[in-house]
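Student: See query34.cif below, with mmCIF, C-alpha atoms.
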```cif
data_start
#
loop_
_atom_site.label_atom_id
_atom_site.label_comp_id
_atom_site.auth_asym_id
_atom_site.auth_seq_id
_atom_site.Cartn_x
_atom_site.Cartn_y
_atom_site.Cartn_z
CA MET A 42 76.47 31.54 -36.90
CA GLY A 43 73.56 31.05 -34.52
CA SER A 44 70.11 29.77 -35.31
CA ILE A 45 67.42 32.19 -36.53
CA TRP A 46 65.30 31.03 -33.57
CA GLU A 47 67.66 32.89 -31.20
CA TYR A 48 65.79 36.03 -32.27
CA ALA A 49 62.61 34.54 -30.83
CA ASN A 50 64.16 35.46 -27.49
CA PRO A 51 62.68 38.94 -26.71
CA ARG A 52 65.92 40.27 -25.16
CA LYS A 53 67.98 39.09 -28.14
CA PHE A 54 65.42 40.58 -30.54
CA ILE A 55 65.51 43.98 -28.83
CA ALA A 56 69.33 44.00 -28.57
CA THR A 57 69.75 43.13 -32.26
CA THR A 58 67.07 45.46 -33.61
CA ASP A 59 68.36 48.32 -31.42
CA LYS A 60 71.64 48.08 -33.34
CA LEU A 61 69.96 47.77 -36.76
CA LEU A 62 67.18 50.33 -36.33
CA PRO A 63 69.23 53.55 -36.87
CA TRP A 64 70.77 52.14 -40.06
CA VAL A 65 67.55 50.80 -41.51
CA SER A 66 65.73 54.06 -40.62
CA ALA A 67 68.42 56.21 -42.25
CA LEU A 68 68.41 54.04 -45.39
CA ALA A 69 64.58 54.23 -45.48
CA VAL A 70 64.62 58.04 -45.32
CA VAL A 71 67.30 58.28 -48.04
CA ALA A 72 65.57 55.80 -50.39
CA LEU A 73 62.09 57.19 -49.78
CA ALA A 74 63.15 60.81 -50.25
CA GLY A 75 65.37 59.85 -53.21
CA GLY A 76 62.64 57.86 -54.99
CA LEU A 77 59.89 60.43 -54.43
CA ILE A 78 62.04 63.48 -55.30
CA TRP A 79 63.42 61.75 -58.41
CA GLY A 80 59.95 60.66 -59.47
CA PHE A 81 58.20 63.94 -58.71
CA PHE A 82 60.75 66.46 -59.98
CA PHE A 83 62.90 64.67 -62.53
CA THR A 84 60.66 62.41 -64.61
CA PRO A 85 58.69 63.46 -67.70
CA GLU A 86 54.93 63.27 -68.21
CA ASP A 87 53.52 60.11 -69.72
CA TYR A 88 52.16 60.60 -73.25
CA ARG A 89 48.78 59.11 -72.28
CA GLN A 90 48.46 59.80 -68.53
CA GLY A 91 50.15 63.19 -68.39
CA ALA A 92 51.45 64.28 -64.98
CA THR A 93 49.25 61.74 -63.13
CA VAL A 94 51.96 59.15 -63.82
CA LYS A 95 53.84 60.71 -60.88
CA ILE A 96 51.28 59.08 -58.56
CA ILE A 97 52.86 55.71 -59.47
CA TYR A 98 55.76 56.39 -57.02
CA LEU A 99 53.29 56.29 -54.12
CA HIS A 100 50.50 54.04 -55.36
CA VAL A 101 52.50 51.02 -56.52
CA PRO A 102 54.91 50.81 -53.52
CA ALA A 103 52.02 51.31 -51.06
CA ALA A 104 49.94 48.61 -52.78
CA LEU A 105 52.93 46.22 -52.81
CA MET A 106 53.53 46.81 -49.10
CA ALA A 107 49.83 46.44 -48.27
CA ILE A 108 49.90 42.90 -49.70
CA ASN A 109 53.40 41.96 -48.51
CA ALA A 110 52.78 43.22 -44.97
CA TRP A 111 49.89 40.77 -44.75
CA MET A 112 52.16 38.02 -46.14
CA MET A 113 54.76 38.83 -43.47
CA MET A 114 51.97 38.66 -40.85
CA LEU A 115 50.94 35.28 -42.29
CA VAL A 116 54.47 33.87 -41.93
CA ALA A 117 54.78 35.27 -38.39
CA SER A 118 51.35 33.86 -37.48
CA LEU A 119 52.29 30.42 -38.82
CA ILE A 120 55.49 30.51 -36.72
CA TRP A 121 53.35 31.36 -33.68
CA ILE A 122 50.90 28.52 -34.43
CA VAL A 123 53.66 25.94 -35.00
CA ARG A 124 56.45 27.00 -32.61
CA ARG A 125 54.66 29.29 -30.08
CA HIS A 126 57.30 32.03 -30.21
CA HIS A 127 55.77 35.16 -28.66
CA VAL A 128 58.00 37.53 -30.63
CA SER A 129 56.57 36.25 -33.93
CA ALA A 130 52.97 36.82 -32.77
CA LEU A 131 53.91 40.31 -31.54
CA ALA A 132 55.71 41.07 -34.82
CA ALA A 133 52.52 40.18 -36.72
CA ARG A 134 50.54 42.48 -34.41
CA ALA A 135 53.14 45.25 -34.90
CA ALA A 136 52.93 45.00 -38.70
CA ALA A 137 49.14 45.33 -38.94
CA PRO A 138 48.81 49.14 -38.52
CA ILE A 139 51.62 49.63 -41.05
CA GLY A 140 49.89 47.36 -43.58
CA ALA A 141 46.56 49.09 -42.93
CA THR A 142 48.14 52.52 -43.54
CA MET A 143 49.70 51.26 -46.78
CA THR A 144 46.31 49.90 -47.88
CA VAL A 145 44.68 53.29 -47.19
CA ILE A 146 47.41 55.07 -49.17
CA ALA A 147 46.95 52.64 -52.08
CA LEU A 148 43.15 53.06 -52.02
CA ILE A 149 43.23 56.89 -51.77
CA THR A 150 45.94 57.43 -54.38
CA GLY A 151 44.19 54.88 -56.62
CA ALA A 152 40.91 56.80 -56.34
CA ILE A 153 42.62 60.15 -57.00
CA TRP A 154 44.45 58.64 -59.99
CA GLY A 155 41.36 56.81 -61.24
CA GLN A 156 39.13 59.88 -61.38
CA PRO A 157 40.94 61.69 -64.24
CA MET A 158 41.99 58.44 -66.01
CA TRP A 159 38.82 56.31 -65.74
CA GLY A 160 36.32 59.06 -65.02
CA THR A 161 35.39 57.57 -61.64
CA TRP A 162 36.77 57.56 -58.10
CA TRP A 163 35.68 53.99 -57.48
CA GLU A 164 34.54 50.93 -59.40
CA TRP A 165 33.60 47.50 -58.04
CA ASP A 166 36.46 46.08 -60.06
CA PRO A 167 37.98 42.75 -58.83
CA ARG A 168 41.31 44.26 -57.75
CA LEU A 169 39.80 47.35 -56.09
CA THR A 170 37.16 45.30 -54.30
CA SER A 171 39.65 42.72 -53.01
CA PHE A 172 41.86 45.58 -51.79
CA LEU A 173 38.94 47.11 -49.90
CA ILE A 174 38.20 43.72 -48.30
CA LEU A 175 41.90 43.39 -47.39
CA PHE A 176 41.65 46.77 -45.61
CA LEU A 177 38.58 45.52 -43.70
CA PHE A 178 40.57 42.41 -42.70
CA TYR A 179 43.33 44.68 -41.36
CA LEU A 180 40.75 46.54 -39.25
CA GLY A 181 39.24 43.27 -38.02
CA TYR A 182 42.69 41.87 -37.19
CA MET A 183 43.63 44.93 -35.09
CA ALA A 184 40.23 45.02 -33.41
CA LEU A 185 40.52 41.33 -32.47
CA TRP A 186 43.95 41.87 -30.86
CA ALA A 187 42.50 44.78 -28.87
CA ALA A 188 39.35 42.91 -27.86
CA VAL A 189 40.89 39.75 -26.37
CA GLU A 190 42.54 40.27 -22.99
CA ASP A 191 44.68 37.13 -22.84
CA ASP A 192 47.69 37.61 -25.14
CA ASP A 193 48.06 33.95 -26.13
CA THR A 194 44.36 33.57 -26.96
CA ALA A 195 44.49 36.81 -28.96
CA ALA A 196 47.54 35.52 -30.86
CA ASP A 197 45.74 32.23 -31.63
CA LEU A 198 42.56 33.91 -32.87
CA THR A 199 44.33 36.60 -34.90
CA SER A 200 46.58 33.96 -36.49
CA VAL A 201 43.52 32.12 -37.76
CA LEU A 202 42.02 35.41 -39.02
CA CYS A 203 45.34 36.13 -40.76
CA LEU A 204 45.21 32.76 -42.53
CA VAL A 205 41.67 33.50 -43.77
CA GLY A 206 42.56 37.06 -44.82
CA SER A 207 45.49 35.78 -46.87
CA VAL A 208 42.97 34.75 -49.53
CA PHE A 209 42.20 38.44 -50.10
CA ALA A 210 45.85 39.48 -49.96
CA ILE A 211 46.54 36.98 -52.77
CA LEU A 212 43.38 38.03 -54.65
CA SER A 213 44.48 41.70 -54.39
CA ARG A 214 47.66 40.76 -56.22
CA TYR A 215 46.26 38.37 -58.82
CA ALA A 216 42.64 39.53 -59.29
CA VAL A 217 43.52 41.07 -62.66
CA ASN A 218 44.90 37.71 -63.83
CA PHE A 219 42.10 35.60 -62.33
CA TRP A 220 39.26 37.71 -63.77
CA ASN A 221 40.17 39.38 -67.00
CA GLN A 222 37.73 42.23 -66.45
CA GLY A 223 37.46 45.53 -64.61
CA LEU A 224 39.21 48.86 -65.01
CA HIS A 225 42.50 48.18 -63.23
CA GLN A 226 45.48 47.41 -65.43
CA GLY A 227 47.78 44.41 -64.96
CA ALA A 228 50.92 44.37 -62.83
CA SER A 229 53.13 47.46 -63.21
CA LEU A 230 56.19 45.38 -62.34
CA SER A 231 56.90 42.01 -63.79
CA LEU A 232 59.85 39.70 -64.32
CA ASP A 233 58.89 39.84 -67.98
CA LYS A 234 60.68 43.03 -69.08
CA GLN A 235 58.18 43.72 -71.87
CA GLU A 236 55.39 44.20 -69.35
CA ASN A 237 57.32 46.74 -67.27
CA VAL A 238 56.79 50.48 -67.33
CA ALA A 239 59.33 52.51 -69.34
CA ASP A 240 62.82 52.78 -67.83
CA VAL A 241 62.49 56.52 -67.18
CA PHE A 242 59.66 55.76 -64.72
CA TYR A 243 60.92 52.31 -63.71
CA TYR A 244 64.19 53.22 -61.93
CA PRO A 245 62.79 55.91 -59.61
CA LEU A 246 59.91 53.53 -58.94
CA LEU A 247 62.38 50.84 -57.82
CA VAL A 248 64.07 53.35 -55.46
CA SER A 249 60.70 54.37 -54.04
CA ILE A 250 59.74 50.70 -53.52
CA ALA A 251 63.05 50.13 -51.71
CA GLY A 252 62.20 53.12 -49.49
CA PHE A 253 58.76 51.72 -48.63
CA VAL A 254 60.25 48.27 -47.88
CA LEU A 255 62.94 49.75 -45.60
CA LEU A 256 60.36 51.96 -43.88
CA PHE A 257 58.24 48.87 -43.25
CA VAL A 258 61.20 46.95 -41.80
CA ALA A 259 62.20 49.88 -39.54
CA LEU A 260 58.65 50.33 -38.28
CA VAL A 261 58.19 46.58 -37.68
CA PHE A 262 61.40 46.56 -35.61
CA LEU A 263 60.29 49.60 -33.58
CA ARG A 264 56.68 48.49 -33.09
CA THR A 265 57.66 44.90 -32.21
CA GLN A 266 59.99 46.27 -29.52
CA THR A 267 57.02 48.31 -28.23
CA GLU A 268 54.78 45.22 -28.16
CA ILE A 269 57.45 43.17 -26.34
CA ARG A 270 57.86 45.89 -23.70
CA ALA A 271 54.10 46.34 -23.30
CA ARG A 272 53.68 42.57 -22.84
CA ARG A 273 56.46 42.49 -20.25
CA THR A 274 54.83 45.42 -18.41
CA ARG A 275 51.46 43.62 -18.34
CA ALA A 276 53.15 40.48 -16.99
CA LEU A 277 54.95 42.40 -14.21
CA LEU A 278 51.76 44.27 -13.26
CA ALA A 279 49.88 40.97 -13.07
CA ARG A 280 52.61 39.57 -10.80
CA GLU A 281 52.35 42.66 -8.59
CA ARG A 282 48.60 42.20 -8.23
CA VAL A 283 49.01 38.57 -7.21
CA SER A 284 51.77 39.20 -4.61
CA MET E 92 58.33 72.74 -59.35
CA PRO E 93 57.43 70.57 -62.36
CA GLU E 94 54.63 71.63 -64.67
CA LEU E 95 51.66 69.45 -63.67
CA GLY E 96 49.03 71.17 -65.82
CA LYS E 97 45.40 70.20 -65.28
CA TYR E 98 46.44 67.24 -63.10
CA ALA E 99 48.17 69.39 -60.44
CA GLY E 100 45.32 68.87 -57.95
CA ALA E 101 45.36 65.08 -58.34
CA VAL E 102 49.15 64.73 -58.11
CA LEU E 103 49.67 67.19 -55.24
CA SER E 104 46.78 65.81 -53.17
CA SER E 105 48.12 62.25 -53.64
CA TYR E 106 51.54 63.30 -52.32
CA ALA E 107 50.07 65.40 -49.48
CA VAL E 108 47.74 62.65 -48.21
CA SER E 109 50.37 59.88 -48.52
CA ILE E 110 53.17 61.83 -46.85
CA ALA E 111 50.81 62.98 -44.06
CA LEU E 112 49.74 59.36 -43.40
CA ILE E 113 53.34 58.08 -43.38
CA VAL E 114 54.50 60.87 -41.05
CA ALA E 115 51.52 60.23 -38.73
CA LEU E 116 52.33 56.50 -38.63
CA VAL E 117 55.99 57.18 -37.79
CA VAL E 118 55.13 59.78 -35.10
CA VAL E 119 52.53 57.51 -33.45
CA SER E 120 54.97 54.57 -33.53
CA VAL E 121 57.75 56.63 -31.90
CA ILE E 122 55.41 58.03 -29.20
CA GLN E 123 54.07 54.54 -28.40
CA SER E 124 57.65 53.22 -28.24
CA ARG E 125 58.72 55.92 -25.75
CA ARG E 126 55.64 55.38 -23.59
CA ALA E 127 56.17 51.59 -23.53
CA LYS E 128 59.84 52.05 -22.54
CA ALA E 129 58.94 54.49 -19.74
CA ALA E 130 56.11 52.29 -18.43
CA LEU E 131 58.36 49.20 -18.34
CA ASN E 132 61.15 51.13 -16.58
CA ASP E 133 58.69 52.30 -13.91
CA VAL E 134 57.31 48.83 -13.27
CA GLU E 135 60.78 47.20 -13.24
CA LYS E 136 62.10 49.78 -10.76
CA ARG E 137 59.08 49.25 -8.53
CA SER E 138 59.36 45.48 -8.63
CA LYS E 139 63.10 45.67 -7.80
CA ARG E 140 62.37 47.97 -4.84
CA ASN E 141 59.70 45.59 -3.58
CA GLY E 142 62.06 42.64 -4.02
#
```
What is this structure when it is put down as C-alpha cells?
Tutor:
Amino acid sequence: MGSIWEYANPRKFIATTDKLLPWVSALAVVALAGGLIWGFFFTPEDYRQGATVKIIYLHVPAALMAINAWMMMLVASLIWIVRRHHVSALAARAAAPIGATMTVIALITGAIWGQPMWGTWWEWDPRLTSFLILFLFYLGYMALWAAVEDDDTAADLTSVLCLVGSVFAILSRYAVNFWNQGLHQGASLSLDKQENVADVFYYPLLVSIAGFVLLFVALVFLRTQTEIRARRTRALLARERVS
Amino acid sequence: MPELGKYAGAVLSSYAVSIALIVALVVVSVIQSRRAKAALNDVEKRSKRNG
C-alpha cells in the first residue's frame, strides 16, 4: 500500500477521486433521502416539541458539518503550512463554500425552530453567537482566497485565518458546556447514551448525518478537482503570456 | 403527508430552505466543475498546438 502523500499529487488525486465520486455521490443521495424521508414521514411527534422535532434531521447534521468542515479545513491548512502540498490547500478552499452553506442551514433552521419553542428567532446565546461568528469567518476565508492573486500567498494567509477561526468552530461545539447559560440545549448526540435523543428519533438522525457527511465528501472531491484544474489553467495561461 | 398541526409552516419552511440551499450548492459545484474542465481542455489543446 502506498503512502497517503501520493494523493498530494494532483493527477493521482483526480484519478482516484474520479473513481470514487460516483459511488460516494450515490451513497450520499441514498442516505440523505433515506434519513430525511424516514425522519419526516415515519417518526412521531415529540411530546414537548410537537412536529417541530422533525427539524432535527436537518438542523443537527448541518450544524455538525458546519463545525467539522472547518476542522477538515484546519487539517488541510496545517498540511499546507508544514508540507506545502498544493492539493491540501485547494481542498481547504474547496470545502469552505460547503461549510458556509451548512452554517447557513443550521442558522436558518435553528431560527425557524427557535421561534415556536423559545418564542424568539434569535438570541445572543453563546452557541448561536459563536455559530454566527463562524459563518462570518467562512465569508472572510472565501473573500481572502478571492482577493489575493498569488495562489501560494493566498494559501498561506487563509491557512492562518483558518487557524484563528478554529477557536470559534470549537466554541460553536462546546459553548453550551463552557458557559452554562443561554437558550440552546446541550449536545443532541453524545457517547453517553443517557444524553441522547430517544431511539425513534435517533436512528433516522444517524442516517441523515451519514447523508450529510457523504454529501460533504462528494462535494469536496468534486470542488477540489475544480480547483486543481483552475490552478493548472492559470499556470498554463501565465506560461502563454510569458512565451 | 404527516399531520404537522400548528407547526406545519415551521417544519415545511425548514425543509424547503435547506433542500433548496443543498440543491443550489450541488448545481453550482457541477457547473463550476464542467467549466473548469472545458477551460483546461482549451488551454491544453492550444499549448500543444503551439508546441
Student: Quick one: of A:Ser207, A:Ser66, A:Gln90, A:Thr194, who's nearest to Ile174 (chain A), counting only C-alpha atoms?
Tutor: A:Ser207
Student: Within 6 Å of region 123-137 of chain E, counting all atoms listed in the file, which residues show up once you throw out same-chain ones fewer than 5 positions away? Write them as JSON, numbers by chain, please.
Tutor: {"A": [267, 270, 271, 274]}
Student: With chain E as the partner and 10 Å as the cut-off, tabulate the residues of chain A that qualify, each row holding the nearest pair of atoms and their distance in Å to one decimal, using only C-alpha atoms, sorted by chain and rising number, as a Markdown table.
Tutor:
```
| residue | atom | partner | partner_atom | distance |
| --- | --- | --- | --- | --- |
| A:Leu77 | CA | E:Tyr106 | CA | 9.1 |
| A:Phe81 | CA | E:Pro93 | CA | 7.6 |
| A:Phe82 | CA | E:Pro93 | CA | 5.8 |
| A:Phe83 | CA | E:Pro93 | CA | 8.0 |
| A:Thr84 | CA | E:Pro93 | CA | 9.1 |
| A:Pro85 | CA | E:Pro93 | CA | 9.0 |
| A:Glu86 | CA | E:Leu95 | CA | 8.3 |
| A:Gln90 | CA | E:Tyr98 | CA | 9.4 |
| A:Gly91 | CA | E:Tyr98 | CA | 7.6 |
| A:Ala92 | CA | E:Leu95 | CA | 5.3 |
| A:Thr93 | CA | E:Val102 | CA | 5.8 |
| A:Val94 | CA | E:Val102 | CA | 8.5 |
| A:Lys95 | CA | E:Val102 | CA | 6.8 |
| A:Ile96 | CA | E:Val102 | CA | 6.1 |
| A:Ile97 | CA | E:Val102 | CA | 9.8 |
| A:Tyr98 | CA | E:Tyr106 | CA | 9.4 |
| A:Leu99 | CA | E:Ser109 | CA | 7.3 |
| A:His100 | CA | E:Ser105 | CA | 8.7 |
| A:Ala103 | CA | E:Ser109 | CA | 9.1 |
| A:Ala135 | CA | E:Ser120 | CA | 9.6 |
| A:Pro138 | CA | E:Leu116 | CA | 8.2 |
| A:Ile139 | CA | E:Leu116 | CA | 7.3 |
| A:Thr142 | CA | E:Leu112 | CA | 7.0 |
| A:Met143 | CA | E:Ile113 | CA | 8.4 |
| A:Val145 | CA | E:Leu112 | CA | 8.8 |
| A:Ile146 | CA | E:Ser109 | CA | 5.7 |
| A:Ala147 | CA | E:Ser109 | CA | 8.8 |
| A:Ile149 | CA | E:Ser105 | CA | 7.5 |
| A:Thr150 | CA | E:Ser105 | CA | 5.3 |
| A:Gly151 | CA | E:Ser105 | CA | 8.9 |
| A:Ala152 | CA | E:Ser105 | CA | 9.4 |
| A:Ile153 | CA | E:Ala101 | CA | 5.8 |
| A:Trp154 | CA | E:Ala101 | CA | 6.7 |
| A:Gly155 | CA | E:Ala101 | CA | 9.6 |
| A:Gln156 | CA | E:Ala101 | CA | 8.7 |
| A:Pro157 | CA | E:Tyr98 | CA | 7.9 |
| A:Phe253 | CA | E:Ile113 | CA | 9.9 |
| A:Leu256 | CA | E:Val117 | CA | 9.1 |
| A:Ala259 | CA | E:Val117 | CA | 9.7 |
| A:Leu260 | CA | E:Ser120 | CA | 7.4 |
| A:Val261 | CA | E:Ser120 | CA | 9.6 |
| A:Leu263 | CA | E:Ser124 | CA | 7.0 |
| A:Arg264 | CA | E:Ser120 | CA | 6.3 |
| A:Thr265 | CA | E:Ser124 | CA | 9.2 |
| A:Gln266 | CA | E:Ser124 | CA | 7.4 |
| A:Thr267 | CA | E:Ser124 | CA | 5.0 |
| A:Glu268 | CA | E:Ala127 | CA | 8.0 |
| A:Ile269 | CA | E:Ala127 | CA | 9.0 |
| A:Arg270 | CA | E:Ala127 | CA | 5.9 |
| A:Ala271 | CA | E:Ala127 | CA | 5.6 |
| A:Arg272 | CA | E:Leu131 | CA | 9.3 |
| A:Arg273 | CA | E:Leu131 | CA | 7.2 |
| A:Thr274 | CA | E:Leu131 | CA | 5.2 |
| A:Arg275 | CA | E:Leu131 | CA | 8.9 |
| A:Leu277 | CA | E:Val134 | CA | 6.9 |
| A:Leu278 | CA | E:Val134 | CA | 7.2 |
| A:Arg280 | CA | E:Ser138 | CA | 9.2 |
| A:Glu281 | CA | E:Ser138 | CA | 7.6 |
```
Student: Can you write just those residues out, C-alpha atoms, as a PDB file, keeping the file's coordinate frame?
Tutor:
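So again25.pdb came out as:
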```pdb
ATOM      1  CA  LEU A  77      59.890  60.430 -54.430  1.00  0.00           C
ATOM      2  CA  PHE A  81      58.200  63.940 -58.710  1.00  0.00           C
ATOM      3  CA  PHE A  82      60.750  66.460 -59.980  1.00  0.00           C
ATOM      4  CA  PHE A  83      62.900  64.670 -62.530  1.00  0.00           C
ATOM      5  CA  THR A  84      60.660  62.410 -64.610  1.00  0.00           C
ATOM      6  CA  PRO A  85      58.690  63.460 -67.700  1.00  0.00           C
ATOM      7  CA  GLU A  86      54.930  63.270 -68.210  1.00  0.00           C
ATOM      8  CA  GLN A  90      48.460  59.800 -68.530  1.00  0.00           C
ATOM      9  CA  GLY A  91      50.150  63.190 -68.390  1.00  0.00           C
ATOM     10  CA  ALA A  92      51.450  64.280 -64.980  1.00  0.00           C
ATOM     11  CA  THR A  93      49.250  61.740 -63.130  1.00  0.00           C
ATOM     12  CA  VAL A  94      51.960  59.150 -63.820  1.00  0.00           C
ATOM     13  CA  LYS A  95      53.840  60.710 -60.880  1.00  0.00           C
ATOM     14  CA  ILE A  96      51.280  59.080 -58.560  1.00  0.00           C
ATOM     15  CA  ILE A  97      52.860  55.710 -59.470  1.00  0.00           C
ATOM     16  CA  TYR A  98      55.760  56.390 -57.020  1.00  0.00           C
ATOM     17  CA  LEU A  99      53.290  56.290 -54.120  1.00  0.00           C
ATOM     18  CA  HIS A 100      50.500  54.040 -55.360  1.00  0.00           C
ATOM     19  CA  ALA A 103      52.020  51.310 -51.060  1.00  0.00           C
ATOM     20  CA  ALA A 135      53.140  45.250 -34.900  1.00  0.00           C
ATOM     21  CA  PRO A 138      48.810  49.140 -38.520  1.00  0.00           C
ATOM     22  CA  ILE A 139      51.620  49.630 -41.050  1.00  0.00           C
ATOM     23  CA  THR A 142      48.140  52.520 -43.540  1.00  0.00           C
ATOM     24  CA  MET A 143      49.700  51.260 -46.780  1.00  0.00           C
ATOM     25  CA  VAL A 145      44.680  53.290 -47.190  1.00  0.00           C
ATOM     26  CA  ILE A 146      47.410  55.070 -49.170  1.00  0.00           C
ATOM     27  CA  ALA A 147      46.950  52.640 -52.080  1.00  0.00           C
ATOM     28  CA  ILE A 149      43.230  56.890 -51.770  1.00  0.00           C
ATOM     29  CA  THR A 150      45.940  57.430 -54.380  1.00  0.00           C
ATOM     30  CA  GLY A 151      44.190  54.880 -56.620  1.00  0.00           C
ATOM     31  CA  ALA A 152      40.910  56.800 -56.340  1.00  0.00           C
ATOM     32  CA  ILE A 153      42.620  60.150 -57.000  1.00  0.00           C
ATOM     33  CA  TRP A 154      44.450  58.640 -59.990  1.00  0.00           C
ATOM     34  CA  GLY A 155      41.360  56.810 -61.240  1.00  0.00           C
ATOM     35  CA  GLN A 156      39.130  59.880 -61.380  1.00  0.00           C
ATOM     36  CA  PRO A 157      40.940  61.690 -64.240  1.00  0.00           C
ATOM     37  CA  PHE A 253      58.760  51.720 -48.630  1.00  0.00           C
ATOM     38  CA  LEU A 256      60.360  51.960 -43.880  1.00  0.00           C
ATOM     39  CA  ALA A 259      62.200  49.880 -39.540  1.00  0.00           C
ATOM     40  CA  LEU A 260      58.650  50.330 -38.280  1.00  0.00           C
ATOM     41  CA  VAL A 261      58.190  46.580 -37.680  1.00  0.00           C
ATOM     42  CA  LEU A 263      60.290  49.600 -33.580  1.00  0.00           C
ATOM     43  CA  ARG A 264      56.680  48.490 -33.090  1.00  0.00           C
ATOM     44  CA  THR A 265      57.660  44.900 -32.210  1.00  0.00           C
ATOM     45  CA  GLN A 266      59.990  46.270 -29.520  1.00  0.00           C
ATOM     46  CA  THR A 267      57.020  48.310 -28.230  1.00  0.00           C
ATOM     47  CA  GLU A 268      54.780  45.220 -28.160  1.00  0.00           C
ATOM     48  CA  ILE A 269      57.450  43.170 -26.340  1.00  0.00           C
ATOM     49  CA  ARG A 270      57.860  45.890 -23.700  1.00  0.00           C
ATOM     50  CA  ALA A 271      54.100  46.340 -23.300  1.00  0.00           C
ATOM     51  CA  ARG A 272      53.680  42.570 -22.840  1.00  0.00           C
ATOM     52  CA  ARG A 273      56.460  42.490 -20.250  1.00  0.00           C
ATOM     53  CA  THR A 274      54.830  45.420 -18.410  1.00  0.00           C
ATOM     54  CA  ARG A 275      51.460  43.620 -18.340  1.00  0.00           C
ATOM     55  CA  LEU A 277      54.950  42.400 -14.210  1.00  0.00           C
ATOM     56  CA  LEU A 278      51.760  44.270 -13.260  1.00  0.00           C
ATOM     57  CA  ARG A 280      52.610  39.570 -10.800  1.00  0.00           C
ATOM     58  CA  GLU A 281      52.350  42.660  -8.590  1.00  0.00           C
TER      59      GLU A 281
END
```
Student: Work out how far CA of Ile250 (chain A) is from CA of Pro102 (chain A), in Å to one decimal.
Tutor: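 These two atoms are separated by 4.8 Å.
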Student: Using all atoms listed in the file, which residue out of A:Val241, A:Leu212, A:Val254, A:Cys203 lies closest to Leu68 (chain A)?
Tutor: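 Comparing A:Val241, A:Leu212, A:Val254, A:Cys203 against Leu68 (chain A), the winner is A:Val254.
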Student: So what do you get for CA of Asp87 (chain A) versus CA of Ala111 (chain E), distance-wise?
Tutor: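 The value is 26.0 Å.
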Student: Would you work out the distance separating CA of Pro245 (chain A) from CA of Val71 (chain A), expressed in Å to one decimal?
Tutor: 12.6 Å
Student: Could you give me, as a VMD selection string, the residues within 12 Å of Ser44 (chain A), counting all atoms listed in the file and dropping anything in the same chain fewer than 5 positions from it?
Tutor: chain A and resid 49 to 50 53
Student: For Ala136 (chain A), work out the shell of residues within 10 Å, counting all atoms listed in the file and skipping chain neighbours fewer than 6 positions away, then give it as a PyMOL selection string.
Tutor: chain A and resi 110-111+113-114+117+179+183+257-258+260-262+264-265
Student: Quick one: write out the picked residues with C-alpha atoms as an mmCIF file, in the coordinates of the input?
Tutor:
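This is the output file selection.cif:
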```cif
data_model
loop_
_atom_site.group_PDB
_atom_site.id
_atom_site.type_symbol
_atom_site.label_atom_id
_atom_site.label_comp_id
_atom_site.auth_asym_id
_atom_site.auth_seq_id
_atom_site.Cartn_x
_atom_site.Cartn_y
_atom_site.Cartn_z
ATOM 1 C CA ALA A 110 52.780 43.220 -44.970
ATOM 2 C CA TRP A 111 49.890 40.770 -44.750
ATOM 3 C CA MET A 113 54.760 38.830 -43.470
ATOM 4 C CA MET A 114 51.970 38.660 -40.850
ATOM 5 C CA ALA A 117 54.780 35.270 -38.390
ATOM 6 C CA TYR A 179 43.330 44.680 -41.360
ATOM 7 C CA MET A 183 43.630 44.930 -35.090
ATOM 8 C CA PHE A 257 58.240 48.870 -43.250
ATOM 9 C CA VAL A 258 61.200 46.950 -41.800
ATOM 10 C CA LEU A 260 58.650 50.330 -38.280
ATOM 11 C CA VAL A 261 58.190 46.580 -37.680
ATOM 12 C CA PHE A 262 61.400 46.560 -35.610
ATOM 13 C CA ARG A 264 56.680 48.490 -33.090
ATOM 14 C CA THR A 265 57.660 44.900 -32.210
#
```
Student: Can you fill out region 244-254 of chain A with N, CA and C atoms and hand it back as an mmCIF file, in the frame of the given file?
Tutor:
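Wrote it out as result-v9.cif, contents follow:
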```cif
data_model
loop_
_atom_site.group_PDB
_atom_site.id
_atom_site.type_symbol
_atom_site.label_atom_id
_atom_site.label_comp_id
_atom_site.auth_asym_id
_atom_site.auth_seq_id
_atom_site.Cartn_x
_atom_site.Cartn_y
_atom_site.Cartn_z
ATOM 1 N N TYR A 244 63.103 53.139 -62.915
ATOM 2 C CA TYR A 244 64.190 53.220 -61.930
ATOM 3 C C TYR A 244 63.828 54.033 -60.685
ATOM 4 N N PRO A 245 63.232 55.234 -60.843
ATOM 5 C CA PRO A 245 62.790 55.910 -59.610
ATOM 6 C C PRO A 245 61.722 55.124 -58.861
ATOM 7 N N LEU A 246 60.918 54.353 -59.607
ATOM 8 C CA LEU A 246 59.910 53.530 -58.940
ATOM 9 C C LEU A 246 60.577 52.460 -58.073
ATOM 10 N N LEU A 247 61.655 51.852 -58.603
ATOM 11 C CA LEU A 247 62.380 50.840 -57.820
ATOM 12 C C LEU A 247 62.956 51.446 -56.542
ATOM 13 N N VAL A 248 63.504 52.678 -56.643
ATOM 14 C CA VAL A 248 64.070 53.350 -55.460
ATOM 15 C C VAL A 248 62.964 53.627 -54.446
ATOM 16 N N SER A 249 61.824 54.085 -54.930
ATOM 17 C CA SER A 249 60.700 54.370 -54.040
ATOM 18 C C SER A 249 60.214 53.089 -53.358
ATOM 19 N N ILE A 250 60.150 51.985 -54.112
ATOM 20 C CA ILE A 250 59.740 50.700 -53.520
ATOM 21 C C ILE A 250 60.734 50.298 -52.431
ATOM 22 N N ALA A 251 62.035 50.466 -52.720
ATOM 23 C CA ALA A 251 63.050 50.130 -51.710
ATOM 24 C C ALA A 251 62.831 50.974 -50.452
ATOM 25 N N GLY A 252 62.479 52.243 -50.626
ATOM 26 C CA GLY A 252 62.200 53.120 -49.490
ATOM 27 C C GLY A 252 61.020 52.628 -48.668
ATOM 28 N N PHE A 253 59.948 52.227 -49.336
ATOM 29 C CA PHE A 253 58.760 51.720 -48.630
ATOM 30 C C PHE A 253 59.094 50.415 -47.884
ATOM 31 N N VAL A 254 59.879 49.537 -48.527
ATOM 32 C CA VAL A 254 60.250 48.270 -47.880
ATOM 33 C C VAL A 254 61.079 48.546 -46.618
#
```
